[in-house]
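Student: Sharing coords_20.txt below, compact mmCIF, C-alpha atoms:
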# COMPACT_ATOMS: atom_id res chain seq x y z
CA MET N 1 62.40 95.68 118.72
CA ILE N 2 62.74 93.19 121.54
CA ALA N 3 59.53 93.31 123.56
CA PRO N 4 59.95 94.80 127.06
CA THR N 5 58.25 91.93 128.85
CA PRO N 6 58.07 91.74 132.66
CA GLU N 7 59.37 88.97 134.91
CA PRO N 8 57.73 85.59 134.13
CA PRO N 9 55.27 84.04 134.23
CA TYR N 10 53.32 85.42 131.27
CA THR N 11 51.89 83.98 128.05
CA ALA N 12 53.56 83.81 124.64
CA VAL N 13 51.61 83.07 121.45
CA ILE N 14 54.04 81.79 118.81
CA PHE N 15 52.54 82.17 115.33
CA THR N 16 54.62 80.55 112.58
CA SER N 17 53.49 80.84 108.96
CA LEU N 18 54.31 80.29 105.31
CA ARG N 19 52.74 82.85 102.94
CA THR N 20 51.03 82.24 99.65
CA GLU N 21 52.22 84.20 96.56
CA GLY N 22 51.22 87.87 96.22
CA ASP N 23 50.20 90.44 98.82
CA ASP N 24 46.40 90.32 98.53
CA GLY N 25 45.93 92.88 101.31
CA TYR N 26 48.25 91.03 103.67
CA ALA N 27 50.77 93.75 104.53
CA GLU N 28 48.12 96.30 105.44
CA ALA N 29 46.15 93.78 107.49
CA ALA N 30 49.28 92.57 109.33
CA GLU N 31 50.11 96.15 110.31
CA ARG N 32 46.53 96.77 111.42
CA MET N 33 46.47 93.57 113.50
CA GLU N 34 49.70 94.54 115.29
CA ALA N 35 48.21 97.95 116.14
CA LEU N 36 44.90 96.41 117.24
CA ALA N 37 46.64 93.80 119.41
CA ALA N 38 48.52 96.59 121.18
CA GLU N 39 45.17 98.11 122.25
CA GLN N 40 43.92 94.93 123.94
CA PRO N 41 43.79 94.38 127.72
CA GLY N 42 46.75 92.36 128.95
CA TYR N 43 48.96 93.03 125.92
CA LEU N 44 52.68 93.07 126.77
CA GLY N 45 54.40 93.33 123.39
CA ILE N 46 55.01 91.72 120.02
CA GLU N 47 58.04 90.55 118.03
CA ALA N 48 57.93 89.64 114.34
CA ALA N 49 60.35 88.58 111.59
CA ARG N 50 59.94 87.00 108.18
CA ASP N 51 62.39 85.65 105.61
CA GLY N 52 60.37 82.95 103.89
CA LEU N 53 59.14 81.54 107.18
CA GLY N 54 57.35 84.15 109.29
CA ILE N 55 57.44 84.11 113.08
CA THR N 56 55.33 86.47 115.19
CA VAL N 57 55.39 86.14 118.96
CA SER N 58 52.85 88.14 120.96
CA TYR N 59 53.10 88.38 124.73
CA TRP N 60 50.17 88.61 127.15
CA VAL N 61 49.73 88.84 130.90
CA ASP N 62 48.00 85.44 130.94
CA ASP N 63 46.23 82.84 128.78
CA ASN N 64 42.87 84.60 129.25
CA ALA N 65 44.20 87.81 127.70
CA ALA N 66 45.62 85.85 124.75
CA ALA N 67 42.33 83.96 124.31
CA ALA N 68 40.33 87.21 124.39
CA TRP N 69 42.49 88.68 121.60
CA LYS N 70 41.80 85.61 119.47
CA GLN N 71 38.06 86.38 119.73
CA VAL N 72 38.16 90.11 118.86
CA ALA N 73 35.75 90.51 115.90
CA GLU N 74 38.14 92.25 113.50
CA HIS N 75 40.81 89.69 114.38
CA LEU N 76 38.41 86.81 113.64
CA VAL N 77 37.85 88.27 110.17
CA ALA N 78 41.62 88.45 109.62
CA GLN N 79 42.07 84.88 110.86
CA ARG N 80 39.55 83.65 108.28
CA ARG N 81 41.29 85.64 105.54
CA GLY N 82 44.56 84.12 106.68
CA ARG N 83 43.26 80.57 106.38
CA ASP N 84 41.55 81.25 103.04
CA ALA N 85 44.12 83.44 101.27
CA TRP N 86 47.35 84.53 102.97
CA TYR N 87 48.85 81.41 104.46
CA ALA N 88 49.95 78.22 102.73
CA ASP N 89 50.49 76.77 106.21
CA TYR N 90 50.67 77.99 109.78
CA GLN N 91 50.91 76.83 113.36
CA VAL N 92 49.86 78.62 116.54
CA ARG N 93 51.44 77.59 119.83
CA VAL N 94 50.26 79.02 123.15
CA ALA N 95 52.95 78.81 125.81
CA THR N 96 53.65 79.88 129.37
CA VAL N 97 56.98 81.66 129.75
CA THR N 98 58.63 80.40 132.92
CA ARG N 99 62.17 81.84 132.66
CA SER N 100 63.69 84.75 130.78
CA TYR N 101 67.17 86.22 130.55
CA GLY N 102 69.21 88.66 128.47
CA PRO N 103 72.82 89.87 128.37
CA ASP N 104 72.48 91.31 131.87
CA GLY N 105 70.94 88.21 133.43
CA PRO N 106 67.36 87.29 134.34
CA ARG N 107 64.52 89.70 133.62
CA MET H 1 59.87 75.04 107.53
CA ILE H 2 57.28 74.83 110.27
CA ALA H 3 58.59 72.43 112.91
CA PRO H 4 56.69 69.13 113.09
CA THR H 5 56.14 69.27 116.83
CA PRO H 6 54.04 66.68 118.68
CA GLU H 7 50.97 67.30 120.83
CA PRO H 8 51.70 69.58 123.82
CA PRO H 9 53.09 69.82 126.37
CA TYR H 10 56.68 70.45 125.28
CA THR H 11 59.22 73.23 125.74
CA ALA H 12 59.86 76.20 123.45
CA VAL H 13 62.98 78.37 123.74
CA ILE H 14 62.27 81.74 122.11
CA PHE H 15 65.54 83.50 121.25
CA THR H 16 65.07 87.08 120.02
CA SER H 17 68.11 89.09 118.94
CA LEU H 18 69.43 92.22 117.32
CA ARG H 19 72.70 91.77 115.41
CA THR H 20 75.75 93.99 115.43
CA GLU H 21 77.17 95.18 112.06
CA GLY H 22 79.18 92.75 109.93
CA ASP H 23 79.19 88.96 109.82
CA ASP H 24 82.22 88.15 111.98
CA GLY H 25 81.71 84.39 111.63
CA TYR H 26 78.06 84.63 112.58
CA ALA H 27 76.38 82.96 109.59
CA GLU H 28 78.61 79.90 109.72
CA ALA H 29 78.21 79.56 113.49
CA ALA H 30 74.43 79.95 113.30
CA GLU H 31 74.24 77.16 110.73
CA ARG H 32 76.51 74.95 112.83
CA MET H 33 74.47 75.57 115.98
CA GLU H 34 71.24 74.60 114.19
CA ALA H 35 72.86 71.36 113.03
CA LEU H 36 74.33 70.66 116.47
CA ALA H 37 71.01 71.36 118.22
CA ALA H 38 69.33 68.82 115.94
CA GLU H 39 71.71 66.12 117.25
CA GLN H 40 70.81 66.67 120.91
CA PRO H 41 68.58 64.36 122.97
CA GLY H 42 65.03 65.65 123.20
CA TYR H 43 65.26 67.97 120.18
CA LEU H 44 61.93 68.40 118.38
CA GLY H 45 62.64 71.08 115.79
CA ILE H 46 63.64 74.67 115.13
CA GLU H 47 62.14 77.69 113.36
CA ALA H 48 64.10 80.83 112.49
CA ALA H 49 63.52 84.13 110.69
CA ARG H 50 65.36 87.43 110.58
CA ASP H 51 64.59 90.80 109.04
CA GLY H 52 66.33 93.23 111.34
CA LEU H 53 64.98 91.49 114.44
CA GLY H 54 65.91 87.79 114.54
CA ILE H 55 63.63 85.20 116.10
CA THR H 56 64.69 81.58 116.57
CA VAL H 57 62.39 79.16 118.36
CA SER H 58 63.76 75.75 119.26
CA TYR H 59 61.46 73.01 120.54
CA TRP H 60 62.36 70.35 123.10
CA VAL H 61 60.63 67.44 124.78
CA ASP H 62 60.96 69.14 128.17
CA ASP H 63 62.83 71.85 130.11
CA ASN H 64 65.63 69.43 131.00
CA ALA H 65 66.41 68.79 127.33
CA ALA H 66 66.47 72.54 126.65
CA ALA H 67 68.71 73.16 129.68
CA ALA H 68 71.11 70.41 128.59
CA TRP H 69 71.47 71.99 125.13
CA LYS H 70 72.37 75.32 126.79
CA GLN H 71 75.30 73.55 128.50
CA VAL H 72 76.79 71.75 125.46
CA ALA H 73 80.44 72.87 125.31
CA GLU H 74 80.49 74.07 121.71
CA HIS H 75 77.21 75.90 122.34
CA LEU H 76 78.66 77.62 125.42
CA VAL H 77 81.51 78.94 123.26
CA ALA H 78 78.97 80.27 120.73
CA GLN H 79 76.92 81.88 123.49
CA ARG H 80 79.98 83.76 124.72
CA ARG H 81 80.78 84.86 121.16
CA GLY H 82 77.19 86.00 120.83
CA ARG H 83 77.36 88.16 123.94
CA ASP H 84 80.79 89.56 123.03
CA ALA H 85 80.46 90.09 119.27
CA TRP H 86 77.34 89.10 117.37
CA TYR H 87 74.41 90.54 119.32
CA ALA H 88 73.67 94.16 120.18
CA ASP H 89 70.86 92.84 122.36
CA TYR H 90 68.99 89.59 122.91
CA GLN H 91 66.42 87.92 125.10
CA VAL H 92 65.89 84.22 125.79
CA ARG H 93 62.49 83.04 126.98
CA VAL H 94 61.90 79.45 128.07
CA ALA H 95 58.24 78.49 127.79
CA THR H 96 55.95 75.49 128.15
CA VAL H 97 53.69 75.02 125.14
CA THR H 98 50.23 74.08 126.41
CA ARG H 99 48.09 74.31 123.24
CA SER H 100 48.84 74.15 119.54
CA TYR H 101 46.73 74.33 116.40
CA GLY H 102 47.04 74.76 112.66
CA PRO H 103 44.68 75.08 109.69
CA ASP H 104 43.33 71.57 110.33
CA GLY H 105 42.73 72.06 114.06
CA PRO H 106 44.71 71.02 117.15
CA ARG H 107 47.97 69.16 116.81
Kindly transcribe the structure held in the file into structure tokens.

Tutor:
Amino acid sequence: MIAPTPEPPYTAVIFTSLRTEGDDGYAEAAERMEALAAEQPGYLGIEAARDGLGITVSYWVDDNAAAAWKQVAEHLVAQRRGRDAWYADYQVRVATVTRSYGPDGPR
Amino acid sequence: MIAPTPEPPYTAVIFTSLRTEGDDGYAEAAERMEALAAEQPGYLGIEAARDGLGITVSYWVDDNAAAAWKQVAEHLVAQRRGRDAWYADYQVRVATVTRSYGPDGPR
């Protein structure tokens, strides 16, 4: 689903990753992290796709909300597991969305 | 492949889409647009994944480079085809990347 984000500005966290072989608890944890993110203050939505390369973009009211989610205890545990087991490589990019438009124009 | 972007700041264009049924020339055009984007001034890289939802993130040295790519004639034709045929829905978000890090720290 395309996230129903408000008018800019807001914060996007672009998480790009390459998986290691095997599941190793990944699928369950990924689902749990999406649900947990949705409970955090300042959460606006999430979009995710994977076909080899995985891209997850989470949207937040501002950088502080995104930074707070990074520090949530259960998320910190998952981040360590990601570095140690799930991801062969990854990159996180924190960005400020300044313009947005769809088929019906700006939104 | 994870795009080899430089240290921030730079511009990310997050293109999220839902396809219509059937190919209708889409796959060939998508490949061509990725190749054409890579020839543009200020291009830094591109990342794409689709499983139902499609997410393509292109990276540019600045907003002007991203805006110039939007206006390239062959790209304008593809954008119209996208609105008319390929996409059931889409959203484009232009964002300024302010921080970036991977497994080995900031980059």

Student: Which residues of chain H are close to chain N, meaning at most 10 Å apart when you count only C-alpha atoms, and how do they look as a ChimeraX atom specification?

Tutor: /H:1-5,8-18,47-57,63,82-84,87-107

Student: Store the residues picked out above in a file with C-alpha atoms, as a compact mmCIF listing (two decimals), keeping the file's coordinate frame.

Tutor:
# COMPACT_ATOMS: atom_id res chain seq x y z
CA MET H 1 59.87 75.04 107.53
CA ILE H 2 57.28 74.83 110.27
CA ALA H 3 58.59 72.43 112.91
CA PRO H 4 56.69 69.13 113.09
CA THR H 5 56.14 69.27 116.83
CA PRO H 8 51.70 69.58 123.82
CA PRO H 9 53.09 69.82 126.37
CA TYR H 10 56.68 70.45 125.28
CA THR H 11 59.22 73.23 125.74
CA ALA H 12 59.86 76.20 123.45
CA VAL H 13 62.98 78.37 123.74
CA ILE H 14 62.27 81.74 122.11
CA PHE H 15 65.54 83.50 121.25
CA THR H 16 65.07 87.08 120.02
CA SER H 17 68.11 89.09 118.94
CA LEU H 18 69.43 92.22 117.32
CA GLU H 47 62.14 77.69 113.36
CA ALA H 48 64.10 80.83 112.49
CA ALA H 49 63.52 84.13 110.69
CA ARG H 50 65.36 87.43 110.58
CA ASP H 51 64.59 90.80 109.04
CA GLY H 52 66.33 93.23 111.34
CA LEU H 53 64.98 91.49 114.44
CA GLY H 54 65.91 87.79 114.54
CA ILE H 55 63.63 85.20 116.10
CA THR H 56 64.69 81.58 116.57
CA VAL H 57 62.39 79.16 118.36
CA ASP H 63 62.83 71.85 130.11
CA GLY H 82 77.19 86.00 120.83
CA ARG H 83 77.36 88.16 123.94
CA ASP H 84 80.79 89.56 123.03
CA TYR H 87 74.41 90.54 119.32
CA ALA H 88 73.67 94.16 120.18
CA ASP H 89 70.86 92.84 122.36
CA TYR H 90 68.99 89.59 122.91
CA GLN H 91 66.42 87.92 125.10
CA VAL H 92 65.89 84.22 125.79
CA ARG H 93 62.49 83.04 126.98
CA VAL H 94 61.90 79.45 128.07
CA ALA H 95 58.24 78.49 127.79
CA THR H 96 55.95 75.49 128.15
CA VAL H 97 53.69 75.02 125.14
CA THR H 98 50.23 74.08 126.41
CA ARG H 99 48.09 74.31 123.24
CA SER H 100 48.84 74.15 119.54
CA TYR H 101 46.73 74.33 116.40
CA GLY H 102 47.04 74.76 112.66
CA PRO H 103 44.68 75.08 109.69
CA ASP H 104 43.33 71.57 110.33
CA GLY H 105 42.73 72.06 114.06
CA PRO H 106 44.71 71.02 117.15
CA ARG H 107 47.97 69.16 116.81

Student: Quick one, how far is CA of Val77 in chain H from CA of Ala35 in chain H?

Tutor: 15.4 Å

Student: Which one is closest to Trp69 in chain N: N:Gly45, N:Glu7, N:Leu36, N:Asp24? Count only C-alpha atoms.

Tutor: N:Leu36

Student: I'd like the superposed chain N, fitted onto chain H by least squares over all Cα atoms in order, as a short mmCIF file (atom, residue, chain, number, x, y, z; two decimals) with C-alpha atoms, in the frame of the given file.

Tutor:
data_model
loop_
_atom_site.label_atom_id
_atom_site.label_comp_id
_atom_site.auth_asym_id
_atom_site.auth_seq_id
_atom_site.Cartn_x
_atom_site.Cartn_y
_atom_site.Cartn_z
CA MET N 1 59.85 75.06 107.54
CA ILE N 2 57.26 74.82 110.28
CA ALA N 3 58.60 72.42 112.90
CA PRO N 4 56.68 69.11 113.10
CA THR N 5 56.14 69.26 116.84
CA PRO N 6 54.03 66.67 118.69
CA GLU N 7 50.95 67.28 120.83
CA PRO N 8 51.70 69.57 123.81
CA PRO N 9 53.09 69.82 126.35
CA TYR N 10 56.68 70.44 125.26
CA THR N 11 59.23 73.23 125.73
CA ALA N 12 59.86 76.20 123.44
CA VAL N 13 62.98 78.36 123.74
CA ILE N 14 62.28 81.74 122.12
CA PHE N 15 65.54 83.50 121.24
CA THR N 16 65.07 87.07 120.02
CA SER N 17 68.11 89.10 118.94
CA LEU N 18 69.43 92.24 117.31
CA ARG N 19 72.72 91.78 115.42
CA THR N 20 75.75 93.99 115.44
CA GLU N 21 77.18 95.21 112.08
CA GLY N 22 79.18 92.76 109.94
CA ASP N 23 79.19 88.96 109.83
CA ASP N 24 82.24 88.17 111.98
CA GLY N 25 81.72 84.41 111.63
CA TYR N 26 78.06 84.63 112.59
CA ALA N 27 76.40 82.96 109.60
CA GLU N 28 78.63 79.90 109.72
CA ALA N 29 78.25 79.56 113.49
CA ALA N 30 74.44 79.95 113.31
CA GLU N 31 74.26 77.15 110.74
CA ARG N 32 76.54 74.95 112.84
CA MET N 33 74.48 75.58 115.99
CA GLU N 34 71.25 74.61 114.21
CA ALA N 35 72.86 71.35 113.04
CA LEU N 36 74.33 70.66 116.49
CA ALA N 37 71.01 71.34 118.23
CA ALA N 38 69.34 68.81 115.94
CA GLU N 39 71.72 66.11 117.26
CA GLN N 40 70.80 66.66 120.92
CA PRO N 41 68.57 64.34 122.98
CA GLY N 42 65.02 65.64 123.21
CA TYR N 43 65.26 67.95 120.18
CA LEU N 44 61.93 68.39 118.37
CA GLY N 45 62.63 71.07 115.77
CA ILE N 46 63.65 74.65 115.12
CA GLU N 47 62.14 77.67 113.35
CA ALA N 48 64.10 80.82 112.49
CA ALA N 49 63.52 84.13 110.68
CA ARG N 50 65.36 87.43 110.58
CA ASP N 51 64.58 90.81 109.03
CA GLY N 52 66.35 93.21 111.35
CA LEU N 53 65.00 91.48 114.44
CA GLY N 54 65.90 87.79 114.54
CA ILE N 55 63.63 85.19 116.11
CA THR N 56 64.70 81.57 116.57
CA VAL N 57 62.39 79.16 118.36
CA SER N 58 63.75 75.73 119.27
CA TYR N 59 61.46 73.01 120.55
CA TRP N 60 62.37 70.33 123.10
CA VAL N 61 60.62 67.43 124.78
CA ASP N 62 60.96 69.15 128.17
CA ASP N 63 62.82 71.86 130.09
CA ASN N 64 65.63 69.42 131.00
CA ALA N 65 66.41 68.78 127.33
CA ALA N 66 66.46 72.53 126.64
CA ALA N 67 68.70 73.15 129.67
CA ALA N 68 71.11 70.39 128.58
CA TRP N 69 71.48 71.99 125.13
CA LYS N 70 72.37 75.30 126.77
CA GLN N 71 75.30 73.55 128.50
CA VAL N 72 76.78 71.74 125.46
CA ALA N 73 80.45 72.87 125.32
CA GLU N 74 80.49 74.08 121.71
CA HIS N 75 77.21 75.91 122.34
CA LEU N 76 78.66 77.63 125.42
CA VAL N 77 81.51 78.94 123.26
CA ALA N 78 78.98 80.28 120.73
CA GLN N 79 76.91 81.88 123.49
CA ARG N 80 79.98 83.78 124.71
CA ARG N 81 80.79 84.88 121.16
CA GLY N 82 77.20 86.01 120.82
CA ARG N 83 77.36 88.18 123.93
CA ASP N 84 80.79 89.58 123.02
CA ALA N 85 80.46 90.11 119.26
CA TRP N 86 77.31 89.13 117.36
CA TYR N 87 74.42 90.56 119.31
CA ALA N 88 73.67 94.17 120.18
CA ASP N 89 70.84 92.84 122.35
CA TYR N 90 68.99 89.59 122.90
CA GLN N 91 66.42 87.92 125.09
CA VAL N 92 65.90 84.22 125.78
CA ARG N 93 62.50 83.04 126.99
CA VAL N 94 61.89 79.45 128.07
CA ALA N 95 58.24 78.49 127.79
CA THR N 96 55.95 75.49 128.14
CA VAL N 97 53.69 75.00 125.14
CA THR N 98 50.24 74.08 126.41
CA ARG N 99 48.08 74.32 123.25
CA SER N 100 48.82 74.16 119.55
CA TYR N 101 46.70 74.34 116.42
CA GLY N 102 47.03 74.78 112.66
CA PRO N 103 44.66 75.08 109.69
CA ASP N 104 43.31 71.59 110.36
CA GLY N 105 42.72 72.09 114.07
CA PRO N 106 44.68 71.04 117.16
CA ARG N 107 47.95 69.16 116.81
#

Student: What gap, in Å, lies between CA of Pro41 in chain H and CA of His75 in chain H?

Tutor: 14.4 Å

Student: Could you jot down the CA of Trp86 in chain H to CA of Ala66 in chain H separation for me, Å, one decimal place?

Tutor: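 Separating CA of Trp86 in chain H from CA of Ala66 in chain H is a distance of 21.9 Å.
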
Student: Would you please work out which residue, of N:Arg32, N:Arg80, N:Pro6, N:Gly42, is nearest to Ala68 in chain N when using all atoms listed in the file?

Tutor: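 Counting all atoms listed in the file, the residue closest to Ala68 in chain N is N:Gly42.
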